[in-house]
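What follows is the content of query.txt (compact mmCIF, C-alpha atoms).
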```txt
# COMPACT_ATOMS: atom_id res chain seq x y z
CA MET I 1 -49.30 -60.48 45.18
CA PRO I 2 -48.79 -56.82 44.15
CA VAL I 3 -51.83 -54.60 44.05
CA LYS I 4 -52.50 -53.20 40.60
CA THR I 5 -53.20 -49.46 40.52
CA PRO I 6 -55.98 -48.39 38.19
CA PRO I 7 -54.79 -46.67 35.00
CA GLN I 8 -54.76 -42.91 35.10
CA SER I 9 -57.07 -40.90 32.88
CA ARG I 10 -55.79 -38.81 30.01
CA ARG I 11 -56.45 -35.61 31.96
CA ALA I 12 -54.48 -36.84 34.96
CA ARG I 13 -51.59 -37.87 32.74
CA LEU I 14 -51.73 -34.44 31.06
CA TRP I 15 -51.56 -32.60 34.41
CA ARG I 16 -48.72 -34.86 35.58
CA SER I 17 -46.72 -34.38 32.38
CA ALA I 18 -47.16 -30.57 32.53
CA GLU I 19 -46.05 -30.45 36.17
CA ALA I 20 -43.05 -32.62 35.39
CA GLN I 21 -41.94 -30.23 32.65
CA GLY I 22 -42.60 -27.13 34.79
CA ILE I 23 -45.41 -25.82 32.61
CA PRO I 24 -48.20 -23.96 34.52
CA LEU I 25 -50.89 -25.56 32.39
CA ARG I 26 -53.74 -24.82 34.80
CA ALA I 27 -52.86 -21.11 35.01
CA ILE I 28 -52.58 -20.91 31.21
CA LEU I 29 -55.97 -22.52 30.67
CA VAL I 30 -57.64 -20.34 33.31
CA THR I 31 -56.16 -17.18 31.75
CA VAL I 32 -57.33 -18.17 28.28
CA ALA I 33 -60.81 -18.97 29.62
CA VAL I 34 -61.05 -15.60 31.39
CA VAL I 35 -60.01 -13.75 28.21
CA VAL I 36 -62.52 -15.67 26.07
CA VAL I 37 -65.38 -15.17 28.55
CA THR I 38 -64.62 -11.45 28.85
CA PHE I 39 -64.56 -11.03 25.08
CA MET I 40 -67.82 -12.92 24.62
CA ALA I 41 -69.46 -10.93 27.43
CA GLY I 42 -68.38 -7.68 25.79
CA LYS I 43 -69.76 -8.81 22.44
CA LEU I 44 -73.03 -9.81 24.08
CA LEU I 45 -73.37 -6.49 25.87
CA TYR I 46 -72.67 -4.63 22.65
CA ARG I 47 -75.33 -6.62 20.83
CA LEU I 48 -77.80 -5.88 23.64
CA ARG I 49 -76.89 -2.19 23.85
CA ASP I 50 -80.35 -1.01 22.74
CA VAL I 51 -82.08 -3.11 25.40
CA LEU I 52 -79.63 -1.99 28.07
CA LEU I 53 -80.14 1.64 27.03
CA LEU I 54 -83.91 1.29 27.37
CA MET I 55 -83.49 -0.35 30.79
CA ALA I 56 -81.18 2.44 31.94
CA VAL I 57 -83.65 5.13 30.84
CA SER I 58 -86.52 3.26 32.49
CA GLY I 59 -84.59 2.93 35.74
CA PHE I 60 -83.76 6.63 35.70
CA ILE I 61 -87.42 7.61 35.21
CA ALA I 62 -88.57 5.13 37.86
CA LEU I 63 -86.01 6.58 40.28
CA LEU I 64 -87.48 10.05 39.74
CA LEU I 65 -91.10 8.91 40.08
CA ASN I 66 -90.59 6.65 43.12
CA PRO I 67 -90.55 9.52 45.70
CA LEU I 68 -94.00 10.61 44.44
CA VAL I 69 -95.31 7.08 44.85
CA VAL I 70 -93.91 6.86 48.39
CA TYR I 71 -95.42 10.25 49.24
CA LEU I 72 -98.87 9.12 48.04
CA GLN I 73 -98.57 5.93 50.09
CA ARG I 74 -97.81 7.93 53.22
CA TRP I 75 -100.58 10.42 52.49
CA LYS I 76 -103.92 8.85 51.55
CA VAL I 77 -103.19 5.96 49.17
CA PRO I 78 -101.66 3.08 51.18
CA ARG I 79 -101.93 0.58 48.31
CA ARG I 80 -98.81 0.85 46.17
CA GLY I 81 -100.64 -0.29 43.03
CA PHE I 82 -103.11 2.60 43.26
CA ALA I 83 -100.30 5.08 44.01
CA VAL I 84 -98.31 3.86 40.99
CA ALA I 85 -101.42 4.15 38.79
CA ILE I 86 -102.02 7.77 39.87
CA VAL I 87 -98.39 8.81 39.37
CA THR I 88 -98.20 7.05 36.00
CA PHE I 89 -101.40 8.71 34.82
CA TRP I 90 -100.13 12.19 35.62
CA ALA I 91 -96.72 11.42 34.11
CA VAL I 92 -98.40 10.35 30.86
CA LEU I 93 -100.47 13.54 30.85
CA VAL I 94 -97.33 15.65 31.29
CA PHE I 95 -95.55 13.79 28.48
CA VAL I 96 -98.52 14.19 26.13
CA GLY I 97 -98.71 17.89 26.97
CA LEU I 98 -95.02 18.36 26.19
CA ALA I 99 -95.41 16.44 22.93
CA ILE I 100 -98.34 18.62 21.90
CA ALA I 101 -96.52 21.80 22.89
CA PHE I 102 -93.52 20.85 20.75
CA GLY I 103 -95.42 19.17 17.94
CA TRP I 104 -98.17 21.71 17.32
CA PRO I 105 -95.93 24.51 15.97
CA LEU I 106 -94.00 21.94 13.92
CA VAL I 107 -97.19 20.53 12.39
CA ASN I 108 -98.46 24.00 11.61
CA GLY I 109 -95.17 24.93 9.93
CA VAL I 110 -95.08 21.77 7.81
CA THR I 111 -98.74 22.24 6.80
CA HIS I 112 -98.13 25.85 5.82
CA LEU I 113 -95.06 24.82 3.79
CA ALA I 114 -97.02 22.08 2.00
CA ASP I 115 -99.80 24.54 1.11
CA ARG I 116 -97.41 27.19 -0.21
CA LEU I 117 -94.94 24.82 -1.90
CA PRO I 118 -96.56 24.97 -5.41
CA SER I 119 -96.47 28.78 -5.39
CA TYR I 120 -92.84 28.73 -4.24
CA VAL I 121 -91.93 26.39 -7.12
CA ASP I 122 -93.77 28.60 -9.61
CA GLN I 123 -91.98 31.71 -8.36
CA ALA I 124 -88.62 29.95 -8.63
CA GLU I 125 -89.33 28.79 -12.19
CA HIS I 126 -90.51 32.19 -13.47
CA GLY I 127 -88.19 34.39 -11.42
CA ARG I 128 -90.91 36.13 -9.41
CA GLY I 129 -90.75 37.14 -5.79
CA TRP I 130 -87.80 36.84 -3.44
CA ILE I 131 -87.48 33.13 -4.21
CA GLY I 132 -87.17 33.83 -7.96
CA GLN I 133 -84.58 36.54 -7.34
CA LEU I 134 -82.48 34.17 -5.21
CA ALA I 135 -82.82 31.44 -7.88
CA ARG I 136 -81.59 33.79 -10.62
CA ARG I 137 -78.77 35.27 -8.57
CA TYR I 138 -77.30 31.97 -7.42
CA HIS I 139 -78.19 29.95 -10.58
CA VAL I 140 -80.28 27.43 -8.65
CA ALA I 141 -81.83 25.94 -11.81
CA THR I 142 -78.42 25.12 -13.29
CA TRP I 143 -77.30 23.55 -10.00
CA VAL I 144 -80.47 21.43 -9.87
CA GLN I 145 -79.87 20.13 -13.40
CA HIS I 146 -76.28 19.14 -12.64
CA ASN I 147 -77.13 17.48 -9.29
CA SER I 148 -80.42 15.79 -10.13
CA ALA I 149 -79.06 12.34 -9.15
CA LYS I 150 -78.00 13.56 -5.69
CA ILE I 151 -81.35 15.26 -5.17
CA ALA I 152 -83.18 12.03 -6.09
CA SER I 153 -81.11 9.97 -3.63
CA PHE I 154 -81.71 12.61 -0.96
CA ALA I 155 -85.45 12.41 -1.58
CA GLN I 156 -85.32 8.64 -1.19
CA SER I 157 -83.50 8.98 2.13
CA LEU I 158 -86.26 11.19 3.52
CA GLY I 159 -88.16 8.04 4.47
CA LYS I 160 -85.56 7.16 7.11
CA PRO I 161 -86.79 9.74 9.65
CA ALA I 162 -90.27 8.25 9.42
CA LEU I 163 -88.83 4.79 10.12
CA ALA I 164 -86.82 6.20 13.02
CA LEU I 165 -90.00 7.83 14.33
CA GLY I 166 -91.77 4.47 14.29
CA LYS I 167 -88.90 2.85 16.18
CA GLY I 168 -89.00 5.72 18.66
CA ALA I 169 -92.70 5.11 19.30
CA VAL I 170 -92.00 1.43 20.00
CA SER I 171 -89.15 2.40 22.32
CA LEU I 172 -91.39 4.82 24.22
CA LEU I 173 -93.99 2.11 24.70
CA THR I 174 -91.30 -0.27 25.97
CA ILE I 175 -90.00 2.36 28.38
CA PHE I 176 -93.52 2.97 29.68
CA PHE I 177 -94.08 -0.69 30.57
CA LEU I 178 -90.60 -1.05 32.05
CA VAL I 179 -91.14 1.99 34.29
CA LEU I 180 -94.53 0.64 35.37
CA LEU I 181 -93.08 -2.76 36.27
CA LEU I 182 -90.11 -1.24 38.08
CA LEU I 183 -92.39 0.94 40.21
CA LEU I 184 -94.61 -2.03 41.05
CA GLU I 185 -91.99 -4.72 41.60
CA GLY I 186 -89.10 -2.60 42.85
CA PRO I 187 -89.83 -3.01 46.60
CA LYS I 188 -90.30 -6.77 46.21
CA MET I 189 -87.01 -7.11 44.35
CA ARG I 190 -85.23 -5.06 47.02
CA ALA I 191 -86.71 -7.13 49.83
CA TRP I 192 -85.74 -10.37 48.07
CA ILE I 193 -82.15 -9.22 47.55
CA LEU I 194 -81.77 -8.08 51.17
CA GLY I 195 -83.43 -11.27 52.44
CA ASN I 196 -80.76 -13.41 50.80
CA MET I 197 -77.95 -11.60 52.64
CA VAL I 198 -76.62 -12.03 56.12
CA PRO I 199 -78.13 -9.47 58.55
CA GLU I 200 -74.94 -7.40 58.88
CA ARG I 201 -74.45 -7.10 55.13
CA ALA I 202 -78.16 -6.46 54.56
CA THR I 203 -78.05 -3.59 57.04
CA THR I 204 -75.00 -2.09 55.33
CA VAL I 205 -76.49 -2.44 51.85
CA ALA I 206 -79.80 -0.90 52.97
CA ARG I 207 -78.01 2.05 54.55
CA VAL I 208 -75.78 2.68 51.52
CA SER I 209 -78.68 2.32 49.07
CA GLY I 210 -80.69 4.81 51.12
CA GLN I 211 -77.83 7.31 50.96
CA VAL I 212 -77.50 6.79 47.20
CA ASN I 213 -81.25 7.24 46.73
CA ARG I 214 -81.29 10.46 48.75
CA ALA I 215 -78.25 11.84 46.93
CA VAL I 216 -79.55 11.05 43.44
CA THR I 217 -83.20 12.02 43.92
CA GLY I 218 -82.31 15.15 45.86
CA TYR I 219 -79.88 16.33 43.20
CA MET I 220 -82.21 15.55 40.32
CA LEU I 221 -85.28 17.14 41.95
CA GLY I 222 -83.26 20.24 42.75
CA ASN I 223 -82.09 20.34 39.15
CA VAL I 224 -85.67 20.03 37.95
CA LEU I 225 -86.67 23.00 40.11
CA THR I 226 -83.89 25.18 38.70
CA SER I 227 -84.84 24.13 35.16
CA VAL I 228 -88.46 25.12 35.72
CA ILE I 229 -87.36 28.51 37.01
CA ALA I 230 -85.13 28.98 33.95
CA GLY I 231 -88.03 28.14 31.63
CA ALA I 232 -90.30 30.60 33.43
CA VAL I 233 -87.72 33.40 33.12
CA VAL I 234 -87.30 32.75 29.39
CA PHE I 235 -91.07 32.64 28.83
CA VAL I 236 -91.62 35.98 30.53
CA THR I 237 -88.72 37.58 28.64
CA LEU I 238 -89.80 36.39 25.18
CA PHE I 239 -93.47 37.14 25.86
CA VAL I 240 -92.69 40.73 26.87
CA LEU I 241 -90.43 41.21 23.83
CA GLY I 242 -93.09 39.82 21.48
CA VAL I 243 -90.93 36.94 20.16
CA PRO I 244 -93.04 34.19 18.52
CA PHE I 245 -93.57 30.86 20.31
CA PRO I 246 -92.43 31.95 23.80
CA PHE I 247 -93.95 28.89 25.48
CA LEU I 248 -92.19 26.53 23.09
CA TRP I 249 -88.80 28.13 23.70
CA ALA I 250 -89.45 28.13 27.45
CA LEU I 251 -90.06 24.36 27.32
CA TRP I 252 -86.88 23.93 25.29
CA VAL I 253 -84.84 25.86 27.84
CA ALA I 254 -86.38 23.97 30.78
CA LEU I 255 -85.68 20.56 29.24
CA VAL I 256 -82.14 21.27 28.03
CA ASP I 257 -81.20 23.12 31.23
CA PHE I 258 -81.83 19.81 32.98
CA LEU I 259 -78.32 18.92 31.81
CA PRO I 260 -76.01 20.47 34.41
CA MET I 261 -72.98 22.59 33.58
CA ILE I 262 -73.57 22.63 29.80
CA GLY I 263 -77.37 22.76 29.58
CA GLY I 264 -77.55 26.54 29.92
CA ALA I 265 -75.31 27.14 26.91
CA LEU I 266 -77.07 24.53 24.77
CA ALA I 267 -80.45 26.05 25.61
CA GLY I 268 -79.44 29.70 25.34
CA ILE I 269 -77.62 29.79 21.98
CA PRO I 270 -80.57 28.82 19.71
CA THR I 271 -82.99 30.89 21.78
CA VAL I 272 -80.86 34.03 21.48
CA LEU I 273 -80.36 33.45 17.74
CA PHE I 274 -84.11 33.06 17.18
CA ALA I 275 -84.80 36.24 19.14
CA THR I 276 -82.12 38.05 17.10
CA PHE I 277 -83.77 36.99 13.83
CA HIS I 278 -86.99 38.47 15.17
CA SER I 279 -85.31 41.77 16.05
CA LEU I 280 -81.86 42.92 17.12
CA THR I 281 -83.23 44.51 20.28
CA ALA I 282 -84.96 41.28 21.32
CA GLY I 283 -81.74 39.34 20.71
CA ILE I 284 -79.62 41.69 22.83
CA VAL I 285 -82.16 41.74 25.68
CA THR I 286 -82.50 37.94 25.61
CA LEU I 287 -78.71 37.54 25.72
CA ILE I 288 -78.45 39.89 28.72
CA VAL I 289 -81.24 38.03 30.53
CA PHE I 290 -79.55 34.69 29.87
CA LEU I 291 -76.18 35.87 31.15
CA ALA I 292 -77.72 37.46 34.25
CA TYR I 293 -79.84 34.42 35.03
CA THR I 294 -76.88 32.07 34.55
CA GLN I 295 -74.89 33.99 37.16
CA PHE I 296 -77.88 34.09 39.50
CA GLU I 297 -78.48 30.36 39.12
CA ASN I 298 -74.84 29.38 39.65
CA HIS I 299 -74.14 31.63 42.64
CA VAL I 300 -77.51 32.04 44.39
CA LEU I 301 -80.17 29.60 43.23
CA ASN I 302 -78.10 26.42 43.11
CA PRO I 303 -76.61 26.83 46.61
CA VAL I 304 -80.05 27.51 48.08
CA VAL I 305 -81.81 24.64 46.29
CA MET I 306 -79.01 22.11 46.75
CA SER I 307 -78.39 22.97 50.41
CA LYS I 308 -81.11 20.50 51.44
CA THR I 309 -79.65 17.63 49.42
CA VAL I 310 -76.44 15.65 49.36
CA ARG I 311 -73.91 17.70 47.43
CA ILE I 312 -72.03 16.11 44.54
CA ASN I 313 -68.59 17.37 43.59
CA PRO I 314 -68.95 19.72 40.55
CA LEU I 315 -65.69 18.45 39.04
CA LEU I 316 -66.99 14.88 39.34
CA VAL I 317 -70.23 15.98 37.66
CA LEU I 318 -68.44 17.59 34.71
CA VAL I 319 -66.01 14.72 34.17
CA SER I 320 -68.79 12.13 34.42
CA ILE I 321 -70.94 14.01 31.88
CA LEU I 322 -68.09 14.29 29.37
CA VAL I 323 -67.08 10.64 29.72
CA ALA I 324 -70.67 9.37 29.66
CA ALA I 325 -71.61 11.48 26.64
CA SER I 326 -68.59 10.22 24.72
CA ILE I 327 -69.30 6.57 25.55
CA GLY I 328 -73.03 6.97 24.93
CA SER I 329 -72.54 8.57 21.52
CA TRP I 330 -70.12 5.77 20.59
CA VAL I 331 -72.61 3.09 21.63
CA GLY I 332 -75.98 4.59 20.72
CA GLY I 333 -75.39 7.66 18.58
CA LEU I 334 -76.82 11.08 19.41
CA PHE I 335 -79.68 9.69 21.50
CA GLY I 336 -77.26 7.45 23.39
CA GLY I 337 -75.01 10.40 24.16
CA PHE I 338 -77.92 12.48 25.45
CA VAL I 339 -79.22 9.65 27.64
CA ALA I 340 -75.74 8.88 28.94
CA ALA I 341 -75.25 12.54 29.88
CA LEU I 342 -78.51 12.40 31.85
CA LEU I 343 -77.56 9.18 33.60
CA ALA I 344 -74.08 10.46 34.42
CA ILE I 345 -75.39 12.50 37.37
CA PRO I 346 -77.07 9.58 39.21
CA ALA I 347 -74.04 7.42 38.48
CA ALA I 348 -71.69 10.08 39.85
CA GLY I 349 -73.80 10.49 42.99
CA ALA I 350 -73.96 6.75 43.58
CA GLY I 351 -70.22 6.40 42.97
CA GLN I 352 -69.42 9.20 45.39
CA VAL I 353 -71.52 7.68 48.18
CA ILE I 354 -70.20 4.15 47.60
CA CYS I 355 -66.56 5.27 47.47
CA SER I 356 -67.01 7.28 50.69
CA GLU I 357 -68.53 4.24 52.39
CA LEU I 358 -65.72 1.95 51.23
CA TRP I 359 -63.09 4.46 52.32
CA ARG I 360 -64.66 4.68 55.76
CA ASP I 361 -65.00 0.91 56.14
CA THR I 362 -61.41 0.21 55.13
CA ALA I 363 -59.90 2.91 57.36
CA PRO I 364 -57.53 1.72 60.14
CA PRO I 365 -59.02 1.59 63.64
CA ALA I 366 -58.69 4.80 65.59
CA GLY I 367 -56.35 4.91 68.59
CA PRO I 368 -57.42 5.67 72.19
CA PRO I 369 -58.52 9.23 72.92
CA GLY I 370 -55.62 11.58 73.41
CA SER I 371 -52.99 9.38 71.79
CA GLY I 372 -51.16 10.63 68.75
CA SER I 373 -50.28 7.20 67.33
CA PRO I 374 -52.27 4.05 66.61
CA PRO I 375 -52.24 1.43 69.34
CA GLY I 376 -49.43 -1.10 69.09
CA PRO I 377 -48.75 -4.47 70.75
CA ALA I 378 -48.36 -4.32 74.51
CA ALA I 379 -44.80 -4.77 75.78
CA ALA I 380 -44.14 -7.81 77.96
CA PRO I 381 -43.69 -6.78 81.64
CA GLU I 382 -40.38 -7.38 83.33
CA PRO I 383 -40.27 -10.11 86.03
CA GLY I 384 -41.57 -8.76 89.28
CA VAL I 385 -42.68 -5.47 87.76
CA GLY I 386 -46.28 -4.35 88.07
CA VAL I 387 -47.32 -7.35 90.25
CA VAL I 388 -50.49 -6.86 92.23
CA ALA I 389 -50.94 -8.79 95.46
CA PRO I 390 -54.05 -10.95 95.79
CA ALA I 391 -56.89 -9.62 97.87
CA GLY I 392 -56.65 -10.32 101.59
CA THR I 393 -52.87 -10.87 101.72
CA GLY I 394 -51.97 -7.75 103.60
CA THR I 395 -50.82 -4.26 102.88
CA GLU I 396 -47.13 -4.90 102.30
CA PRO I 397 -45.69 -4.93 98.76
CA ALA I 398 -45.44 -8.23 96.92
CA GLY I 399 -41.69 -7.98 96.63
CA ALA I 400 -41.24 -8.29 100.45
CA ALA I 401 -41.26 -12.10 100.34
CA THR I 402 -38.08 -13.66 98.92
CA GLY I 403 -36.19 -16.88 99.13
CA PRO I 404 -36.99 -20.56 98.68
CA ALA I 405 -40.38 -20.29 100.32
CA ALA I 406 -41.47 -17.86 97.66
CA ALA I 407 -39.94 -20.10 94.97
CA ARG I 408 -41.82 -23.21 96.20
CA ALA I 409 -45.06 -21.28 96.49
CA GLY I 410 -44.49 -19.91 92.98
CA THR I 411 -44.54 -23.38 91.40
CA ALA I 412 -48.33 -23.25 91.40
CA GLY I 413 -48.28 -20.06 89.32
CA ALA I 414 -46.79 -19.12 85.98
CA GLY I 415 -43.48 -17.31 86.36
CA PRO I 416 -41.87 -14.82 88.66
CA ALA I 417 -45.01 -12.73 89.03
CA ALA I 418 -47.03 -15.68 90.32
CA ALA I 419 -44.23 -16.71 92.69
CA ALA I 420 -44.04 -13.23 94.13
CA GLY I 421 -47.81 -13.09 94.57
CA ALA I 422 -47.96 -16.54 96.23
CA GLY I 423 -45.02 -15.74 98.52
CA THR I 424 -46.58 -12.61 99.98
CA ALA I 425 -46.95 -12.79 103.77
CA ALA I 426 -50.33 -12.68 105.47
CA ASP I 427 -49.32 -9.73 107.61
CA GLY I 428 -46.47 -7.28 107.80
CA SER I 429 -44.57 -8.88 110.78
CA ALA I 430 -44.44 -12.33 109.21
CA ALA I 431 -43.10 -10.88 105.99
CA ALA I 432 -40.39 -9.00 107.88
CA GLU I 433 -39.42 -12.17 109.79
CA VAL I 434 -39.13 -14.25 106.63
CA SER I 435 -37.01 -11.63 104.90
CA SER I 436 -34.56 -11.51 107.84
CA GLU I 437 -33.71 -15.24 107.73
CA PRO I 438 -30.81 -16.62 105.70
CA ALA I 439 -31.44 -18.00 102.27
CA SER I 440 -30.95 -21.59 103.45
CA VAL I 441 -33.59 -21.41 106.18
CA THR I 442 -37.18 -22.06 105.34
CA LYS I 443 -39.74 -20.48 107.63
CA PRO I 444 -43.43 -21.00 106.90
CA ALA I 445 -45.62 -17.97 106.86
CA THR I 446 -48.10 -17.72 109.79
```
Step by step, read the file and then write its structure as structure tokens.
Amino acid sequence: MPVKTPPQSRRARLWRSAEAQGIPLRAILVTVAVVVVTFMAGKLLYRLRDVLLLMAVSGFIALLLNPLVVYLQRWKVPRRGFAVAIVTFWAVLVFVGLAIAFGWPLVNGVTHLADRLPSYVDQAEHGRGWIGQLARRYHVATWVQHNSAKIASFAQSLGKPALALGKGAVSLLTIFFLVLLLLLEGPKMRAWILGNMVPERATTVARVSGQVNRAVTGYMLGNVLTSVIAGAVVFVTLFVLGVPFPFLWALWVALVDFLPMIGGALAGIPTVLFATFHSLTAGIVTLIVFLAYTQFENHVLNPVVMSKTVRINPLLVLVSILVAASIGSWVGGLFGGFVAALLAIPAAGAGQVICSELWRDTAPPAGPPGSGSPPGPAAAPEPGVGVVAPAGTGTEPAGAATGPAAARAGTAGAGPAAAAGAGTAADGSAAAEVSSEPASVTKPAT
């Protein structure tokens, strides 16, 4: 009785039909799935761009603060929680001080403008003072009447900066908690990741991550030092020249100079313009000081400060900043571009270390010392060439024993070399006697 085979499923029949027609259905479906998953992942990342941006900023700040935490642990605060609390407290104090330093002149200026605004409006309406003269000369009143609708819409849009300021405060609070958690849980996460790897890979990952950490933190701390020196130079210059708000402009220069390659120009242009508005002499002197300090920083200060750290290729730094700023501005606007330019340096340092490690690991094995070419496969020796006689068989060469006796003794070995070694005489006279006999005579070795 024939055995009935169970009916095939629809999927099996589909695979069989596609194979019969020569259609790579599996490859087509896998390709479509990869394209769909990639597209959905990109959409998801784009929707989560604000969260990812906050996480990137938090990781950058935690990377800068972690050496201080480690230093406190090695000094007098062995508990990491206490060390993180101390470092976080001082970081918050520094941030509040910077906010007050930047915000106090701005608040004073806005308050002064609000107090004098009614008098300015009265002067413009009645043509008194320099405001009235400008209003009459450029027909400001006529322009206001013709563009009243645009002015009203502009006034309504003034509430957007306040909303953006509220969102910025929420983002700062989020960054604070993320940095705190990264500093506290970072070592545990690292230990867990390394614990789930094989020992060889864990050792490699720990070594590479240590090199990346030293390269990034060393470069960034050196950059911070040069920025502080730049701010101090600007403060002294503006203070001596009598330019208003020298401390504020020094902070501006120190913060913007933190951006390598382009930070000096971004910090110097508005500072020189402000000093020029104060007086032409102050503007010229400030410009000369900026140019001189830029040359000193590029040719003297940077080599001295960065000599103790892992150097990063300047071309790689510039290209990474330009690419990151472009991508960041496309994803997150002006703030995204600024943050991406900051994060470009750690990313470039990490990429340089990782690429160097991969290049070294994938290099071909080095040849023996003194050889000019890599080692190749050993050539097979010719029969009877390079044969070494076994120990205790005498001082004569292995090739002295020939004939059938050597052939029969060689059956226990593996080829002509073994036969020659087995047929070696015990002493020199016996070997000579065997070699003098005809080929048909068999004479045992004594």
Gap from atom CA of I:Asp257 to atom CA of I:Gln352 - Å, one decimal
23.1 Å
Check the smallest atom-to-atom distance from each of I:Val69, I:Leu342, I:Leu173, I:Leu53 to I:Gly263 using all atoms listed in the file, then report the winner.
I:Leu342
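Of the residues under consideration (I:Ser227, I:Arg80, I:Glu200, I:Leu172), I:Arg80 shows the shortest atom-to-atom contact distance to I:Lys188 when counting all atoms listed in the file.
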Could you tell me which of I:Leu301, I:Leu134, I:Met197, I:Ala350 comes closest to I:Ala215 if we count all atoms listed in the file?
I:Ala350
Hey, can you check how far atom CA of I:Ala275 sits from atom CA of I:Asn298?
23.8 Å
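If you look at atom CA of I:Ser356 and atom CA of I:Asn66, they are 24.8 Å away from each other.
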Set the distance at 9 Å and use all atoms listed in the file: which residues neighbour I:Ala340 once local chain neighbours fewer than 4 positions away are removed? I'd like the list as a PyMOL selection string.
chain I and resi 53+56-57+321+323-329+335-336+344
Skip I:Ala282 itself and residues of its chain fewer than 3 positions away, then list as a PyMOL selection string all residues within 8 Å of it, counting all atoms listed in the file.
chain I and resi 238+241+243+275-276+278-279+285-286
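Distances to I:Trp104 were evaluated for I:Phe247, I:His139, I:Arg128, I:Leu54 using only C-alpha atoms, and the minimum falls at I:Phe247.
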Nearest-residue call for I:Leu64, choices I:Tyr219, I:Tyr120, I:Trp15, I:Phe277, using only C-alpha atoms:
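The closest residue to I:Leu64 is I:Tyr219.
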Can you pull out the residues contacting stretch 189-191 of chain I? Cut-off 12 Å, using only C-alpha atoms, and skip same-chain residues under 3 positions away; I want them as a ChimeraX atom specification.
/I:181-186,194-197,202-203,205-206,209-210
Restricting to all atoms listed in the file, whichever of I:Leu48, I:Ile193, I:Leu248, I:Met220 is closest to I:Pro67 is I:Met220
Return as AutoDock Vina command-line options the centre and edge lengths, in Å with one decimal, of the box along x, y and z that encloses every atom of stretch 110-123 of chain I in the file, padded by 6 Å per side.
```
--center_x -95.9 --center_y 26.7 --center_z -0.9 --size_x 19.9 --size_y 21.9 --size_z 29.4
```
